[in-house]
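Source file: upload25.cif; contents: mmCIF, C-alpha atoms.
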```cif
data_my_file
#
loop_
_atom_site.group_PDB
_atom_site.id
_atom_site.type_symbol
_atom_site.label_atom_id
_atom_site.label_comp_id
_atom_site.auth_asym_id
_atom_site.auth_seq_id
_atom_site.Cartn_x
_atom_site.Cartn_y
_atom_site.Cartn_z
ATOM 1 C CA MET A 1 3.974 7.087 -44.439
ATOM 2 C CA VAL A 2 7.238 7.472 -46.389
ATOM 3 C CA PHE A 3 5.736 5.484 -49.261
ATOM 4 C CA GLU A 4 2.697 7.755 -49.571
ATOM 5 C CA LYS A 5 4.837 10.892 -49.257
ATOM 6 C CA HIS A 6 6.977 9.894 -52.235
ATOM 7 C CA ASP A 7 4.230 8.353 -54.390
ATOM 8 C CA CYS A 8 3.825 11.724 -56.104
ATOM 9 C CA ASN A 9 1.363 10.582 -58.757
ATOM 10 C CA ARG A 10 -0.652 8.491 -56.252
ATOM 11 C CA SER A 11 -0.334 5.408 -58.440
ATOM 12 C CA GLY A 12 0.219 3.025 -55.548
ATOM 13 C CA TYR A 13 3.743 2.376 -56.824
ATOM 14 C CA LEU A 14 7.124 4.041 -56.569
ATOM 15 C CA ASP A 15 8.830 4.430 -59.923
ATOM 16 C CA VAL A 16 12.528 5.135 -60.527
ATOM 17 C CA ARG A 17 12.071 8.885 -59.942
ATOM 18 C CA GLU A 18 10.132 8.358 -56.708
ATOM 19 C CA ILE A 19 12.127 5.516 -55.154
ATOM 20 C CA TYR A 20 15.438 7.359 -54.777
ATOM 21 C CA PRO A 21 14.168 10.127 -52.450
ATOM 22 C CA ALA A 22 12.128 7.547 -50.507
ATOM 23 C CA ILE A 23 15.160 5.299 -49.950
ATOM 24 C CA CYS A 24 17.327 8.316 -49.070
ATOM 25 C CA GLU A 25 14.775 9.383 -46.470
ATOM 26 C CA ILE A 26 14.751 5.922 -44.893
ATOM 27 C CA TYR A 27 18.554 5.882 -44.736
ATOM 28 C CA HIS A 28 18.570 9.383 -43.232
ATOM 29 C CA LEU A 29 15.963 8.461 -40.604
ATOM 30 C CA ASN A 30 18.215 5.578 -39.575
ATOM 31 C CA GLY A 31 21.304 7.776 -39.314
ATOM 32 C CA MET A 32 22.923 6.258 -42.380
ATOM 33 C CA PHE A 33 24.479 7.894 -45.419
ATOM 34 C CA PRO A 34 22.137 7.481 -48.371
ATOM 35 C CA PRO A 35 23.054 5.161 -51.206
ATOM 36 C CA SER A 36 24.037 6.467 -54.614
ATOM 37 C CA TYR A 37 21.401 6.630 -57.303
ATOM 38 C CA GLN A 38 22.922 3.539 -58.917
ATOM 39 C CA GLN A 39 22.836 1.638 -55.604
ATOM 40 C CA CYS A 40 19.205 2.630 -55.192
ATOM 41 C CA LEU A 41 18.395 1.225 -58.618
ATOM 42 C CA ILE A 42 20.030 -2.044 -57.568
ATOM 43 C CA ILE A 43 17.917 -2.079 -54.393
ATOM 44 C CA MET A 44 14.830 -1.446 -56.509
ATOM 45 C CA GLU A 45 15.723 -4.266 -58.888
ATOM 46 C CA GLN A 46 16.352 -6.697 -56.023
ATOM 47 C CA PHE A 47 13.005 -6.007 -54.358
ATOM 48 C CA ASP A 48 10.820 -5.677 -57.456
ATOM 49 C CA SER A 49 9.438 -9.177 -56.999
ATOM 50 C CA ASP A 50 6.985 -9.023 -59.895
ATOM 51 C CA GLY A 51 9.505 -7.456 -62.281
ATOM 52 C CA ASN A 52 7.253 -4.609 -63.400
ATOM 53 C CA GLY A 53 9.891 -1.916 -62.784
ATOM 54 C CA LEU A 54 7.869 -0.427 -59.927
ATOM 55 C CA ILE A 55 7.861 -0.854 -56.153
ATOM 56 C CA ASP A 56 4.482 -1.465 -54.548
ATOM 57 C CA LYS A 57 3.731 -1.122 -50.830
ATOM 58 C CA GLN A 58 4.536 -4.756 -50.022
ATOM 59 C CA GLU A 59 7.829 -4.615 -51.890
ATOM 60 C CA PHE A 60 8.637 -1.375 -50.031
ATOM 61 C CA ARG A 61 7.821 -3.106 -46.731
ATOM 62 C CA ASN A 62 10.263 -5.838 -47.719
ATOM 63 C CA ILE A 63 12.960 -3.204 -48.280
ATOM 64 C CA LEU A 64 12.250 -1.742 -44.836
ATOM 65 C CA LYS A 65 12.234 -5.172 -43.202
ATOM 66 C CA THR A 66 15.600 -6.028 -44.728
ATOM 67 C CA MET A 67 17.032 -2.668 -43.712
ATOM 68 C CA SER A 68 15.864 -3.167 -40.132
ATOM 69 C CA ASN A 69 17.801 -6.443 -40.030
ATOM 70 C CA ILE A 70 20.953 -4.665 -41.220
ATOM 71 C CA ILE A 71 20.805 -1.859 -38.652
#
```

Let me see the file written as structure tokens.
Amino acid sequence: MVFEKHDCNRSGYLDVREIYPAICEIYHLNGMFPPSYQQCLIIMEQFDSDGNGLIDKQEFRNILKTMSNII
């Protein structure tokens, strides 16, 4: 649901402008302070498994799965 909300252009991917508010929302929903923009870009880079500079739904799920292990 968070993915679709922030996929503003309905491309099926989150780009650098869309990923930051999505990640901040996830952090907020988990009672955590959001990361900086730079930290978010690092998160994006780490989970962009195909290296296309975009986060697809599966890559976003991987971010959420990793976050759930941290909390």

Identify all residues satisfying the PyMOL selection byres ((chain A and resi 23-27) around 10) in the given file; provide them as a ChimeraX atom specification.
/A:2-3,6,18-22,28-37,40,43-44,60,63-64,67

Could you tell me, as a PyMOL selection string, exactly which residues end up selected when the PyMOL selection byres ((chain A and resi 58) around 12) is applied to this structure?
chain A and resi 3+12-14+47-50+54-57+59-65

Computed interatomic separation between CA of Gly53 in chain A and CA of Leu41 in chain A (Å)
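Here the two named atoms are 10.0 Å from each other.
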
Selected residue of minimal separation from Gln38 in chain A among A:Met1, A:Asn52, A:Asn9, A:Val16, counting all atoms listed in the file:
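So, comparing all the options, the nearest one is A:Val16.
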